[in-house]
Amino acid sequence: MGMVRHHAYTLLLQGQDILSFINGLSTNQVDGACTTVFTNRAAKIVDVCEVIPVGSHVALVGYEPSKSTVIAHLAERILGQSISLTDISELNDVFLGTDDESCPEDTTLHQSHFGTMYIIPVKHRWEATWTEEDWTEHRIRNLIPYHGHEITSKVHPLACGLGDLVHPQKGCYIGQEVLTRMRSRGKQGHRLVKRSNPVEKATTVGANESLMLERIQ
Amino acid sequence: MDCGTCETAPVIQVHAPDVVDVELTLTEKATDMLEDAFGDDRSHALLVGVLSGGCSGYMYDLQIVESTETPCQELNIKGFRVLVPTASSHLLDGIEIDYVDRLMGGGFKINNPNASASCGCGESFS
């Protein structure tokens with residue numbers, strides 16, 4: 001099918017108990033490779049990140065415009081733990097797409113909530129095979145939310161199609177009380193839906209259909 | 001993924017907060033409960049720490065320890081050794097440790113003037 005360039009940053013976290021550190025700050029159960037959401041106290045999205053163990057380290061791949069916010073979010077909570085952050089964004093290109101694309105041998109493949117993620121060293125000068133329009137149509141067809149469209153700092157994960165990334169039974173994390181209350185009372189406000197054009201207040205506009213965050217009556 | 005050349009990638013400098021000389025107080029009730037817990041043996045210490053996580057971003061961590069490898073400030077309060085990790089000192093200066101005696105949600109409780117908010121169970125703060 002294809003792959004599109006993901007506007008991503010990649011941080012390498014080194015130190016002890018990295019997965020439990022991330023687990024304590026995000027919505028999903030983080031005990032290995034997964035997609036998780038960092039939220040603030042109001043449960044609004046800080047960033048949606050890929051957690052990818054790399055040997056004894058962990059790579060965190062997120063959306064480039066959120067990089068400085070995420071670094072600040074993590075850094076102020078390190079509290080003397082032996083955790084260091086290295087920015088390896090310049091060394092790798094990140095792509096999202098389907099799982100049947102050819103890629104160099106030293107590519108890291110990761111099953112993300114958004115599709116298959118390809119992290120390819122920049123030395124390969126790899127190019128996307130999809131245009132932004134291809135990616136948009138793929139997202140609409142498969143009801144995949146994306147940064148800057150459905151996923152913004154103004155919404156919480158349940159309202160924009162990221163409910164699968166909010167683990168129902170894990171312990172406390174930032175924003176957990178708010179999300180748990182919404183779920184238990186059945187009041188998440190909005191949900192991600194696909195509608196035929198024209199769509200008022202569409203978050204992603206396709207050729208025939210669009211995505212929107214619809215208020216739940 | 002290229003992380004084999006990490007030495008050439010920039011390590012992000014994490015700004016460590018200033019270390020402050022911690023002052024903390026124990027209420028009468030908390031003192032009574034610590035006396036019950038420690039007895040006459042004062043070789044152990046009360047470690048008052050902070051962990052990242054929880055509903056509000058930070059969680060209190062109270063432990064009775066003999067010693068710790070974590071760099072700490074050692075205080076002597078009402079005859080008890082109290083250890084406060086230096087990395088968390090800015091979050092714990094001025095706290096009052098209380099003990100709440102009730103069936104649900106009882107136990108040691110920390111009143112923290114540095115906390116702008118705390119979660120329902122009181123274990124987490126920001």
# chains A, B, ... in the order shown; residues from 1 in each chain; ligands from 1
$ closest_atom_pairs --of "chain A" --to "chain B" --cutoff "8 Å" --atoms "only C-alpha atoms" --output "CSV"
residue,atom,partner,partner_atom,distance
A:Leu12,CA,B:Cys3,CA,7.9
A:Phe21,CA,B:Ser52,CA,7.3
A:Gly24,CA,B:Gly53,CA,4.5
A:Leu25,CA,B:Gly53,CA,5.2
A:Arg41,CA,B:Ser56,CA,5.9
A:Ala75,CA,B:Val14,CA,5.8
A:Glu76,CA,B:Val14,CA,7.9
A:Arg77,CA,B:Ser52,CA,5.3
A:Ile78,CA,B:Ser52,CA,6.9
A:Leu79,CA,B:Ala87,CA,5.4
A:Gly80,CA,B:Ala87,CA,5.1
A:Ser84,CA,B:Val11,CA,7.3
A:Leu85,CA,B:Ile12,CA,5.4
A:Thr86,CA,B:Val11,CA,4.2
A:Asp87,CA,B:Pro10,CA,5.7
A:Ile88,CA,B:Ala9,CA,5.8
A:Leu91,CA,B:Asp2,CA,5.9
A:Asn92,CA,B:Asp2,CA,6.2
A:Asp106,CA,B:Met1,CA,6.4
A:Thr107,CA,B:Met1,CA,5.5
A:Thr108,CA,B:Met1,CA,5.3
A:Ile119,CA,B:Met1,CA,5.4
A:Ile120,CA,B:Met1,CA,5.5
A:Pro121,CA,B:Asp2,CA,5.2
A:Gly171,CA,B:Gly54,CA,7.9
A:Cys172,CA,B:Gly54,CA,4.6
A:Tyr173,CA,B:Gly54,CA,4.5
A:Ile174,CA,B:Cys55,CA,4.1
A:Gly175,CA,B:Cys55,CA,5.6
A:Gln176,CA,B:Cys55,CA,5.6
A:Glu177,CA,B:Cys55,CA,6.3
$ residues_around --residues "A:Ala33" --least-positions-apart "4" --cutoff "9 Å" --atoms "only C-alpha atoms" --output "list in words"
Glu50, Val51, Ile52, Pro53, His110, Gln111 and Ser112 of chain A
$ write_last_selection --atoms "all heavy atoms" --output "mmCIF file, in the first residue's frame"
data_model
loop_
_atom_site.group_PDB
_atom_site.id
_atom_site.type_symbol
_atom_site.label_atom_id
_atom_site.label_comp_id
_atom_site.auth_asym_id
_atom_site.auth_seq_id
_atom_site.Cartn_x
_atom_site.Cartn_y
_atom_site.Cartn_z
ATOM 1 N N GLU A 50 4.934 6.770 20.825
ATOM 2 C CA GLU A 50 5.273 5.353 20.655
ATOM 3 C C GLU A 50 6.389 5.020 21.629
ATOM 4 O O GLU A 50 7.380 5.757 21.720
ATOM 5 C CB GLU A 50 5.748 5.081 19.228
ATOM 6 C CG GLU A 50 4.791 5.542 18.152
ATOM 7 C CD GLU A 50 3.407 4.954 18.288
ATOM 8 O OE1 GLU A 50 3.310 3.792 18.707
ATOM 9 O OE2 GLU A 50 2.429 5.670 18.000
ATOM 10 N N VAL A 51 6.211 3.941 22.361
ATOM 11 C CA VAL A 51 7.238 3.464 23.289
ATOM 12 C C VAL A 51 7.886 2.243 22.645
ATOM 13 O O VAL A 51 7.203 1.255 22.370
ATOM 14 C CB VAL A 51 6.619 3.083 24.651
ATOM 15 C CG1 VAL A 51 7.680 2.557 25.600
ATOM 16 C CG2 VAL A 51 5.893 4.282 25.252
ATOM 17 N N ILE A 52 9.187 2.335 22.377
ATOM 18 C CA ILE A 52 9.862 1.263 21.647
ATOM 19 C C ILE A 52 11.149 0.878 22.392
ATOM 20 O O ILE A 52 12.129 1.631 22.371
ATOM 21 C CB ILE A 52 10.216 1.719 20.209
ATOM 22 C CG1 ILE A 52 8.960 2.258 19.506
ATOM 23 C CG2 ILE A 52 10.822 0.579 19.411
ATOM 24 C CD1 ILE A 52 9.250 2.971 18.195
ATOM 25 N N PRO A 53 11.139 -0.263 23.087
ATOM 26 C CA PRO A 53 12.378 -0.707 23.735
ATOM 27 C C PRO A 53 13.468 -0.954 22.691
ATOM 28 O O PRO A 53 13.213 -1.571 21.651
ATOM 29 C CB PRO A 53 11.973 -2.012 24.430
ATOM 30 C CG PRO A 53 10.490 -1.900 24.614
ATOM 31 C CD PRO A 53 10.003 -1.150 23.397
ATOM 32 N N HIS A 110 7.532 -0.930 14.046
ATOM 33 C CA HIS A 110 6.766 -0.865 15.290
ATOM 34 C C HIS A 110 5.288 -0.801 14.945
ATOM 35 O O HIS A 110 4.891 -0.034 14.056
ATOM 36 C CB HIS A 110 7.201 0.388 16.074
ATOM 37 C CG HIS A 110 6.313 0.740 17.221
ATOM 38 N ND1 HIS A 110 6.277 0.015 18.389
ATOM 39 C CD2 HIS A 110 5.425 1.760 17.386
ATOM 40 C CE1 HIS A 110 5.400 0.566 19.222
ATOM 41 N NE2 HIS A 110 4.870 1.626 18.637
ATOM 42 N N GLN A 111 4.471 -1.603 15.633
ATOM 43 C CA GLN A 111 3.027 -1.553 15.401
ATOM 44 C C GLN A 111 2.424 -0.457 16.263
ATOM 45 O O GLN A 111 2.265 -0.608 17.467
ATOM 46 C CB GLN A 111 2.381 -2.914 15.698
ATOM 47 C CG GLN A 111 2.739 -3.993 14.691
ATOM 48 C CD GLN A 111 2.536 -3.563 13.237
ATOM 49 O OE1 GLN A 111 1.509 -2.983 12.889
ATOM 50 N NE2 GLN A 111 3.529 -3.819 12.388
ATOM 51 N N SER A 112 2.116 0.643 15.616
ATOM 52 C CA SER A 112 1.590 1.818 16.299
ATOM 53 C C SER A 112 0.072 1.822 16.220
ATOM 54 O O SER A 112 -0.526 1.123 15.400
ATOM 55 C CB SER A 112 2.158 3.062 15.613
ATOM 56 O OG SER A 112 1.361 4.177 15.831
#
$ atom_distance --atom1 "atom CA of A:Ser102" --atom2 "atom CA of A:Arg125"
14.0 Å
$ select_by_dssp --residues "stretch 82-124 of chain B" --states "strand (DSSP E)" --output "MDAnalysis selection string"
chainID B and resid 82:85 96:100 107:111 124
$ write_last_selection --atoms "N, CA and C atoms" --output "PDB file, in the first residue's frame"
ATOM      1  N   VAL B  82      14.725  11.935  60.210  1.00  0.00           N
ATOM      2  CA  VAL B  82      13.884  12.076  59.018  1.00  0.00           C
ATOM      3  C   VAL B  82      14.792  12.361  57.826  1.00  0.00           C
ATOM      4  N   LEU B  83      14.667  11.556  56.782  1.00  0.00           N
ATOM      5  CA  LEU B  83      15.488  11.724  55.576  1.00  0.00           C
ATOM      6  C   LEU B  83      14.637  12.289  54.444  1.00  0.00           C
ATOM      7  N   VAL B  84      15.155  13.324  53.789  1.00  0.00           N
ATOM      8  CA  VAL B  84      14.450  13.923  52.656  1.00  0.00           C
ATOM      9  C   VAL B  84      15.401  13.939  51.459  1.00  0.00           C
ATOM     10  N   PRO B  85      15.102  13.227  50.386  1.00  0.00           N
ATOM     11  CA  PRO B  85      15.987  13.233  49.209  1.00  0.00           C
ATOM     12  C   PRO B  85      16.218  14.657  48.707  1.00  0.00           C
ATOM     13  N   GLU B  96       3.776  19.507  56.445  1.00  0.00           N
ATOM     14  CA  GLU B  96       3.378  19.029  57.774  1.00  0.00           C
ATOM     15  C   GLU B  96       2.909  17.595  57.614  1.00  0.00           C
ATOM     16  N   ILE B  97       3.486  16.695  58.425  1.00  0.00           N
ATOM     17  CA  ILE B  97       3.061  15.291  58.380  1.00  0.00           C
ATOM     18  C   ILE B  97       2.047  15.068  59.504  1.00  0.00           C
ATOM     19  N   ASP B  98       0.881  14.650  59.112  1.00  0.00           N
ATOM     20  CA  ASP B  98      -0.204  14.452  60.064  1.00  0.00           C
ATOM     21  C   ASP B  98      -0.612  12.979  60.027  1.00  0.00           C
ATOM     22  N   TYR B  99      -1.418  12.581  60.974  1.00  0.00           N
ATOM     23  CA  TYR B  99      -1.979  11.226  60.934  1.00  0.00           C
ATOM     24  C   TYR B  99      -3.486  11.344  61.102  1.00  0.00           C
ATOM     25  N   VAL B 100      -4.206  10.757  60.151  1.00  0.00           N
ATOM     26  CA  VAL B 100      -5.666  10.842  60.181  1.00  0.00           C
ATOM     27  C   VAL B 100      -6.205   9.472  60.580  1.00  0.00           C
ATOM     28  N   GLY B 107      -4.553   7.164  57.874  1.00  0.00           N
ATOM     29  CA  GLY B 107      -3.121   6.939  57.785  1.00  0.00           C
ATOM     30  C   GLY B 107      -2.379   8.258  57.788  1.00  0.00           C
ATOM     31  N   PHE B 108      -1.086   8.202  57.470  1.00  0.00           N
ATOM     32  CA  PHE B 108      -0.299   9.428  57.428  1.00  0.00           C
ATOM     33  C   PHE B 108      -0.791  10.305  56.270  1.00  0.00           C
ATOM     34  N   LYS B 109      -0.840  11.594  56.535  1.00  0.00           N
ATOM     35  CA  LYS B 109      -1.333  12.537  55.536  1.00  0.00           C
ATOM     36  C   LYS B 109      -0.361  13.701  55.501  1.00  0.00           C
ATOM     37  N   ILE B 110      -0.042  14.153  54.326  1.00  0.00           N
ATOM     38  CA  ILE B 110       0.924  15.252  54.202  1.00  0.00           C
ATOM     39  C   ILE B 110       0.218  16.509  53.736  1.00  0.00           C
ATOM     40  N   ASN B 111       0.365  17.549  54.511  1.00  0.00           N
ATOM     41  CA  ASN B 111      -0.159  18.858  54.120  1.00  0.00           C
ATOM     42  C   ASN B 111       0.995  19.635  53.512  1.00  0.00           C
ATOM     43  N   SER B 124      -1.346  11.923  45.823  1.00  0.00           N
ATOM     44  CA  SER B 124      -0.699  12.543  44.668  1.00  0.00           C
ATOM     45  C   SER B 124      -0.919  14.047  44.702  1.00  0.00           C
TER      46      SER B 124
END
$ closest_residue --among "A:Leu11, A:Val94, A:Ile83, A:Ile140" --to "A:Glu127" --atoms "only C-alpha atoms"
A:Val94
$ select_by_dssp --residues "stretch 3-188 of chain A" --states "alpha helix (DSSP H)" --output "short mmCIF file (atom, residue, chain, number, x, y, z; two decimals) with all heavy atoms, in the first residue's frame"
data_model
loop_
_atom_site.label_atom_id
_atom_site.label_comp_id
_atom_site.auth_asym_id
_atom_site.auth_seq_id
_atom_site.Cartn_x
_atom_site.Cartn_y
_atom_site.Cartn_z
N ILE A 18 12.89 2.73 33.06
CA ILE A 18 12.33 3.70 32.12
C ILE A 18 10.86 3.39 31.82
O ILE A 18 10.02 4.28 31.78
CB ILE A 18 13.12 3.67 30.78
CG1 ILE A 18 14.59 3.98 31.01
CG2 ILE A 18 12.52 4.65 29.78
CD1 ILE A 18 14.89 5.39 31.33
N LEU A 19 10.57 2.09 31.62
CA LEU A 19 9.18 1.75 31.27
C LEU A 19 8.23 2.10 32.41
O LEU A 19 7.14 2.62 32.18
CB LEU A 19 9.07 0.26 30.91
CG LEU A 19 9.75 -0.16 29.60
CD1 LEU A 19 9.61 -1.67 29.39
CD2 LEU A 19 9.16 0.58 28.40
N SER A 20 8.64 1.84 33.65
CA SER A 20 7.74 2.16 34.76
C SER A 20 7.62 3.67 34.94
O SER A 20 6.58 4.18 35.35
CB SER A 20 8.17 1.47 36.06
OG SER A 20 9.39 1.96 36.49
N PHE A 21 8.69 4.41 34.61
CA PHE A 21 8.63 5.88 34.65
C PHE A 21 7.57 6.37 33.64
O PHE A 21 6.71 7.18 33.99
CB PHE A 21 10.02 6.44 34.30
CG PHE A 21 10.08 7.94 34.18
CD1 PHE A 21 9.96 8.75 35.29
CD2 PHE A 21 10.26 8.53 32.94
CE1 PHE A 21 10.01 10.14 35.17
CE2 PHE A 21 10.33 9.91 32.81
CZ PHE A 21 10.20 10.71 33.93
N ILE A 22 7.61 5.85 32.42
CA ILE A 22 6.64 6.26 31.40
C ILE A 22 5.24 5.77 31.79
O ILE A 22 4.25 6.49 31.64
CB ILE A 22 7.04 5.70 30.01
CG1 ILE A 22 8.39 6.28 29.58
CG2 ILE A 22 5.98 6.02 28.96
CD1 ILE A 22 8.97 5.61 28.35
N ASN A 23 5.18 4.56 32.34
CA ASN A 23 3.89 4.00 32.75
C ASN A 23 3.19 4.89 33.79
O ASN A 23 1.98 5.07 33.75
CB ASN A 23 4.12 2.59 33.32
CG ASN A 23 2.83 1.86 33.59
OD1 ASN A 23 1.95 1.79 32.73
ND2 ASN A 23 2.68 1.34 34.79
N LYS A 67 7.35 18.35 20.90
CA LYS A 67 8.59 17.87 21.50
C LYS A 67 8.99 18.63 22.76
O LYS A 67 9.25 18.03 23.81
CB LYS A 67 9.73 17.92 20.47
CG LYS A 67 11.06 17.42 21.04
CD LYS A 67 12.08 17.12 19.98
CE LYS A 67 12.79 18.34 19.49
NZ LYS A 67 13.93 18.01 18.61
N SER A 68 9.03 19.94 22.68
CA SER A 68 9.51 20.70 23.84
C SER A 68 8.56 20.55 25.03
O SER A 68 8.99 20.49 26.18
CB SER A 68 9.70 22.18 23.48
OG SER A 68 8.49 22.71 23.02
N THR A 69 7.27 20.44 24.76
CA THR A 69 6.30 20.26 25.85
C THR A 69 6.51 18.91 26.52
O THR A 69 6.46 18.80 27.75
CB THR A 69 4.85 20.33 25.29
OG1 THR A 69 4.75 21.47 24.46
CG2 THR A 69 3.83 20.44 26.41
N VAL A 70 6.73 17.89 25.72
CA VAL A 70 6.94 16.55 26.28
C VAL A 70 8.25 16.49 27.07
O VAL A 70 8.29 15.93 28.18
CB VAL A 70 6.93 15.47 25.17
CG1 VAL A 70 7.39 14.12 25.70
CG2 VAL A 70 5.53 15.34 24.59
N ILE A 71 9.29 17.10 26.54
CA ILE A 71 10.57 17.09 27.26
C ILE A 71 10.39 17.77 28.62
O ILE A 71 10.85 17.26 29.65
CB ILE A 71 11.67 17.78 26.43
CG1 ILE A 71 12.03 16.89 25.23
CG2 ILE A 71 12.90 18.05 27.28
CD1 ILE A 71 12.98 17.54 24.24
N ALA A 72 9.71 18.90 28.65
CA ALA A 72 9.49 19.60 29.92
C ALA A 72 8.63 18.75 30.86
O ALA A 72 8.89 18.67 32.07
CB ALA A 72 8.82 20.95 29.66
N HIS A 73 7.61 18.10 30.29
CA HIS A 73 6.69 17.24 31.05
C HIS A 73 7.47 16.11 31.74
O HIS A 73 7.22 15.79 32.90
CB HIS A 73 5.66 16.68 30.07
CG HIS A 73 4.51 15.96 30.70
ND1 HIS A 73 3.49 16.60 31.36
CD2 HIS A 73 4.22 14.63 30.77
CE1 HIS A 73 2.61 15.70 31.79
NE2 HIS A 73 3.04 14.50 31.45
N LEU A 74 8.41 15.51 31.00
CA LEU A 74 9.19 14.40 31.56
C LEU A 74 10.27 14.92 32.50
O LEU A 74 10.47 14.39 33.59
CB LEU A 74 9.85 13.59 30.43
CG LEU A 74 8.93 12.92 29.42
CD1 LEU A 74 9.76 12.18 28.37
CD2 LEU A 74 7.99 11.94 30.10
N ALA A 75 10.97 15.97 32.07
CA ALA A 75 12.15 16.43 32.80
C ALA A 75 11.81 16.85 34.22
O ALA A 75 12.55 16.55 35.16
CB ALA A 75 12.81 17.58 32.05
N GLU A 132 0.32 13.16 1.07
CA GLU A 132 -0.52 13.51 2.22
C GLU A 132 -1.99 13.16 1.95
O GLU A 132 -2.71 12.74 2.84
CB GLU A 132 -0.39 15.01 2.55
CG GLU A 132 0.95 15.40 3.15
CD GLU A 132 1.18 14.84 4.55
OE1 GLU A 132 0.20 14.60 5.27
OE2 GLU A 132 2.37 14.64 4.90
N GLU A 133 -2.41 13.31 0.69
CA GLU A 133 -3.80 12.98 0.33
C GLU A 133 -4.06 11.47 0.47
O GLU A 133 -5.12 11.06 0.93
CB GLU A 133 -4.11 13.43 -1.11
CG GLU A 133 -4.23 14.94 -1.29
CD GLU A 133 -2.89 15.64 -1.21
OE1 GLU A 133 -1.85 15.01 -1.54
OE2 GLU A 133 -2.87 16.81 -0.78
N ASP A 134 -3.07 10.66 0.05
CA ASP A 134 -3.21 9.20 0.22
C ASP A 134 -3.39 8.84 1.69
O ASP A 134 -4.23 8.03 2.07
CB ASP A 134 -1.96 8.47 -0.30
CG ASP A 134 -1.77 8.63 -1.80
OD1 ASP A 134 -2.78 8.81 -2.51
OD2 ASP A 134 -0.60 8.58 -2.24
N TRP A 135 -2.56 9.46 2.51
CA TRP A 135 -2.59 9.22 3.96
C TRP A 135 -3.94 9.66 4.54
O TRP A 135 -4.54 8.96 5.35
CB TRP A 135 -1.41 9.95 4.60
CG TRP A 135 -1.36 10.03 6.09
CD1 TRP A 135 -1.27 11.17 6.84
CD2 TRP A 135 -1.35 8.95 7.04
NE1 TRP A 135 -1.22 10.86 8.18
CE2 TRP A 135 -1.26 9.51 8.33
CE3 TRP A 135 -1.42 7.56 6.93
CZ2 TRP A 135 -1.24 8.74 9.50
CZ3 TRP A 135 -1.39 6.79 8.09
CH2 TRP A 135 -1.30 7.37 9.35
N THR A 136 -4.41 10.81 4.09
CA THR A 136 -5.69 11.32 4.58
C THR A 136 -6.82 10.35 4.23
O THR A 136 -7.64 10.01 5.09
CB THR A 136 -5.98 12.71 3.95
OG1 THR A 136 -4.99 13.61 4.42
CG2 THR A 136 -7.35 13.23 4.34
N GLU A 137 -6.85 9.87 3.01
CA GLU A 137 -7.91 8.93 2.61
C GLU A 137 -7.80 7.61 3.39
O GLU A 137 -8.81 7.03 3.80
CB GLU A 137 -7.84 8.66 1.10
CG GLU A 137 -8.24 9.85 0.24
CD GLU A 137 -9.66 10.34 0.52
OE1 GLU A 137 -10.55 9.51 0.83
OE2 GLU A 137 -9.89 11.56 0.44
N HIS A 138 -6.57 7.16 3.61
CA HIS A 138 -6.35 5.94 4.40
C HIS A 138 -6.87 6.13 5.82
O HIS A 138 -7.53 5.24 6.39
CB HIS A 138 -4.85 5.61 4.41
CG HIS A 138 -4.48 4.48 5.31
ND1 HIS A 138 -4.68 3.16 4.98
CD2 HIS A 138 -3.93 4.47 6.56
CE1 HIS A 138 -4.25 2.38 5.97
NE2 HIS A 138 -3.80 3.15 6.95
N ARG A 139 -6.59 7.28 6.39
CA ARG A 139 -7.02 7.56 7.78
C ARG A 139 -8.54 7.59 7.87
O ARG A 139 -9.13 7.06 8.80
CB ARG A 139 -6.44 8.90 8.26
CG ARG A 139 -4.96 8.86 8.56
CD ARG A 139 -4.57 9.96 9.52
NE ARG A 139 -4.88 11.29 9.05
CZ ARG A 139 -5.82 12.07 9.58
NH1 ARG A 139 -6.57 11.64 10.57
NH2 ARG A 139 -6.04 13.28 9.11
N ILE A 140 -9.15 8.25 6.90
CA ILE A 140 -10.62 8.36 6.94
C ILE A 140 -11.26 6.98 6.79
O ILE A 140 -12.16 6.61 7.54
CB ILE A 140 -11.11 9.32 5.83
CG1 ILE A 140 -10.64 10.74 6.14
CG2 ILE A 140 -12.64 9.26 5.71
CD1 ILE A 140 -10.87 11.73 5.02
N ARG A 141 -10.71 6.21 5.85
CA ARG A 141 -11.24 4.87 5.61
C ARG A 141 -11.17 4.01 6.87
O ARG A 141 -12.09 3.27 7.19
CB ARG A 141 -10.42 4.22 4.49
CG ARG A 141 -11.19 3.34 3.57
CD ARG A 141 -10.45 2.97 2.29
NE ARG A 141 -9.03 2.90 2.34
CZ ARG A 141 -8.20 3.74 1.70
NH1 ARG A 141 -8.69 4.74 0.98
NH2 ARG A 141 -6.89 3.60 1.77
N ASN A 142 -10.07 4.15 7.61
CA ASN A 142 -9.83 3.28 8.77
C ASN A 142 -10.09 3.97 10.11
O ASN A 142 -9.74 3.44 11.15
CB ASN A 142 -8.39 2.76 8.72
CG ASN A 142 -8.16 1.86 7.54
OD1 ASN A 142 -8.60 0.71 7.52
ND2 ASN A 142 -7.51 2.39 6.51
N GLN A 176 -5.77 10.57 35.28
CA GLN A 176 -6.52 9.32 35.41
C GLN A 176 -7.88 9.51 36.06
O GLN A 176 -8.88 8.93 35.62
CB GLN A 176 -5.69 8.30 36.20
CG GLN A 176 -6.32 6.94 36.33
CD GLN A 176 -6.86 6.69 37.72
OE1 GLN A 176 -6.63 7.47 38.64
NE2 GLN A 176 -7.60 5.62 37.89
N GLU A 177 -7.93 10.35 37.09
CA GLU A 177 -9.22 10.53 37.79
C GLU A 177 -10.28 11.06 36.84
O GLU A 177 -11.42 10.61 36.86
CB GLU A 177 -9.04 11.52 38.95
CG GLU A 177 -8.39 10.91 40.17
CD GLU A 177 -8.47 11.81 41.39
OE1 GLU A 177 -8.60 13.04 41.21
OE2 GLU A 177 -8.40 11.30 42.50
N VAL A 178 -9.89 12.00 36.00
CA VAL A 178 -10.85 12.62 35.07
C VAL A 178 -11.34 11.59 34.06
O VAL A 178 -12.55 11.47 33.81
CB VAL A 178 -10.18 13.81 34.35
CG1 VAL A 178 -11.13 14.42 33.32
CG2 VAL A 178 -9.74 14.87 35.35
N LEU A 179 -10.42 10.84 33.48
CA LEU A 179 -10.79 9.86 32.46
C LEU A 179 -11.64 8.72 33.04
O LEU A 179 -12.61 8.27 32.43
CB LEU A 179 -9.54 9.29 31.78
CG LEU A 179 -8.75 10.31 30.94
CD1 LEU A 179 -7.42 9.72 30.49
CD2 LEU A 179 -9.55 10.76 29.74
N THR A 180 -11.29 8.28 34.23
CA THR A 180 -12.05 7.21 34.87
C THR A 180 -13.47 7.67 35.19
O THR A 180 -14.44 6.94 34.99
CB THR A 180 -11.34 6.75 36.15
OG1 THR A 180 -10.03 6.30 35.80
CG2 THR A 180 -12.09 5.62 36.84
N ARG A 181 -13.58 8.91 35.65
CA ARG A 181 -14.91 9.46 35.95
C ARG A 181 -15.76 9.55 34.68
O ARG A 181 -16.93 9.20 34.67
CB ARG A 181 -14.74 10.86 36.58
CG ARG A 181 -15.93 11.29 37.42
CD ARG A 181 -15.68 12.65 38.05
NE ARG A 181 -14.48 12.70 38.85
CZ ARG A 181 -13.53 13.62 38.71
NH1 ARG A 181 -13.63 14.56 37.80
NH2 ARG A 181 -12.47 13.59 39.48
N MET A 182 -15.14 10.00 33.58
CA MET A 182 -15.88 10.09 32.32
C MET A 182 -16.39 8.73 31.89
O MET A 182 -17.53 8.58 31.47
CB MET A 182 -14.97 10.63 31.21
CG MET A 182 -14.74 12.11 31.27
SD MET A 182 -13.58 12.54 29.96
CE MET A 182 -13.34 14.26 30.33
N ARG A 183 -15.52 7.74 32.01
CA ARG A 183 -15.92 6.39 31.59
C ARG A 183 -17.01 5.83 32.48
O ARG A 183 -18.00 5.29 32.00
CB ARG A 183 -14.70 5.46 31.64
CG ARG A 183 -14.02 5.35 30.31
CD ARG A 183 -13.18 4.09 30.25
NE ARG A 183 -12.66 3.92 28.91
CZ ARG A 183 -11.42 3.55 28.65
NH1 ARG A 183 -10.58 3.32 29.62
NH2 ARG A 183 -11.04 3.39 27.40
N SER A 184 -16.83 5.97 33.80
CA SER A 184 -17.80 5.35 34.70
C SER A 184 -19.16 6.03 34.61
O SER A 184 -20.19 5.40 34.83
CB SER A 184 -17.28 5.38 36.13
OG SER A 184 -17.15 6.71 36.58
N ARG A 185 -19.17 7.30 34.26
CA ARG A 185 -20.45 8.00 34.14
C ARG A 185 -20.95 8.04 32.69
O ARG A 185 -22.02 8.60 32.42
CB ARG A 185 -20.30 9.45 34.65
CG ARG A 185 -19.99 9.50 36.13
CD ARG A 185 -19.84 10.91 36.62
NE ARG A 185 -19.50 10.93 38.03
CZ ARG A 185 -19.20 12.02 38.72
NH1 ARG A 185 -19.20 13.20 38.10
NH2 ARG A 185 -18.89 11.97 39.99
#
$ atom_distance --atom1 "atom CA of A:Met212" --atom2 "atom CA of A:Gln188"
15.0 Å
$ closest_residue --among "A:Asp93, A:Ile144, A:Val122, A:Ser26" --to "A:Phe38" --atoms "only C-alpha atoms"
A:Ser26
$ closest_residue --among "B:Met104, B:Leu46, B:Leu62, B:Leu92" --to "B:Phe80" --atoms "only C-alpha atoms"
B:Leu46
$ residues_around --residues "A:Gly62" --least-positions-apart "5" --cutoff "7 Å" --atoms "only C-alpha atoms" --output "short mmCIF file (atom, residue, chain, number, x, y, z; two decimals) with all heavy atoms, in the first residue's frame"
data_model
loop_
_atom_site.label_atom_id
_atom_site.label_comp_id
_atom_site.auth_asym_id
_atom_site.auth_seq_id
_atom_site.Cartn_x
_atom_site.Cartn_y
_atom_site.Cartn_z
N ALA A 8 7.88 13.64 13.15
CA ALA A 8 8.14 13.04 14.45
C ALA A 8 9.44 13.54 15.07
O ALA A 8 10.34 14.00 14.38
CB ALA A 8 8.23 11.52 14.31
N TYR A 9 9.48 13.43 16.39
CA TYR A 9 10.75 13.53 17.11
C TYR A 9 11.02 12.15 17.70
O TYR A 9 10.08 11.37 17.92
CB TYR A 9 10.69 14.60 18.22
CG TYR A 9 9.69 14.30 19.32
CD1 TYR A 9 10.01 13.44 20.37
CD2 TYR A 9 8.42 14.85 19.29
CE1 TYR A 9 9.09 13.16 21.37
CE2 TYR A 9 7.50 14.57 20.28
CZ TYR A 9 7.84 13.72 21.31
OH TYR A 9 6.92 13.43 22.29
N THR A 10 12.28 11.86 17.91
CA THR A 10 12.64 10.60 18.56
C THR A 10 13.59 10.90 19.70
O THR A 10 14.65 11.50 19.50
CB THR A 10 13.31 9.63 17.56
OG1 THR A 10 12.47 9.49 16.42
CG2 THR A 10 13.53 8.26 18.18
N ASP A 47 0.79 14.65 24.38
CA ASP A 47 1.25 14.05 23.13
C ASP A 47 0.89 12.56 23.14
O ASP A 47 0.70 11.97 24.19
CB ASP A 47 2.77 14.22 22.96
CG ASP A 47 3.20 14.02 21.51
OD1 ASP A 47 2.33 13.91 20.64
OD2 ASP A 47 4.42 13.97 21.26
N VAL A 48 0.80 12.00 21.96
CA VAL A 48 0.62 10.56 21.80
C VAL A 48 1.97 10.02 21.34
O VAL A 48 2.50 10.48 20.34
CB VAL A 48 -0.47 10.24 20.75
CG1 VAL A 48 -0.70 8.74 20.67
CG2 VAL A 48 -1.75 10.98 21.08
N CYS A 49 2.51 9.09 22.10
CA CYS A 49 3.89 8.65 21.83
C CYS A 49 3.97 7.14 21.63
O CYS A 49 3.21 6.38 22.23
CB CYS A 49 4.79 9.02 23.00
SG CYS A 49 5.12 10.78 23.11
N GLU A 50 4.93 6.77 20.83
CA GLU A 50 5.27 5.35 20.65
C GLU A 50 6.39 5.02 21.63
O GLU A 50 7.38 5.76 21.72
CB GLU A 50 5.75 5.08 19.23
CG GLU A 50 4.79 5.54 18.15
CD GLU A 50 3.41 4.95 18.29
OE1 GLU A 50 3.31 3.79 18.71
OE2 GLU A 50 2.43 5.67 18.00
#
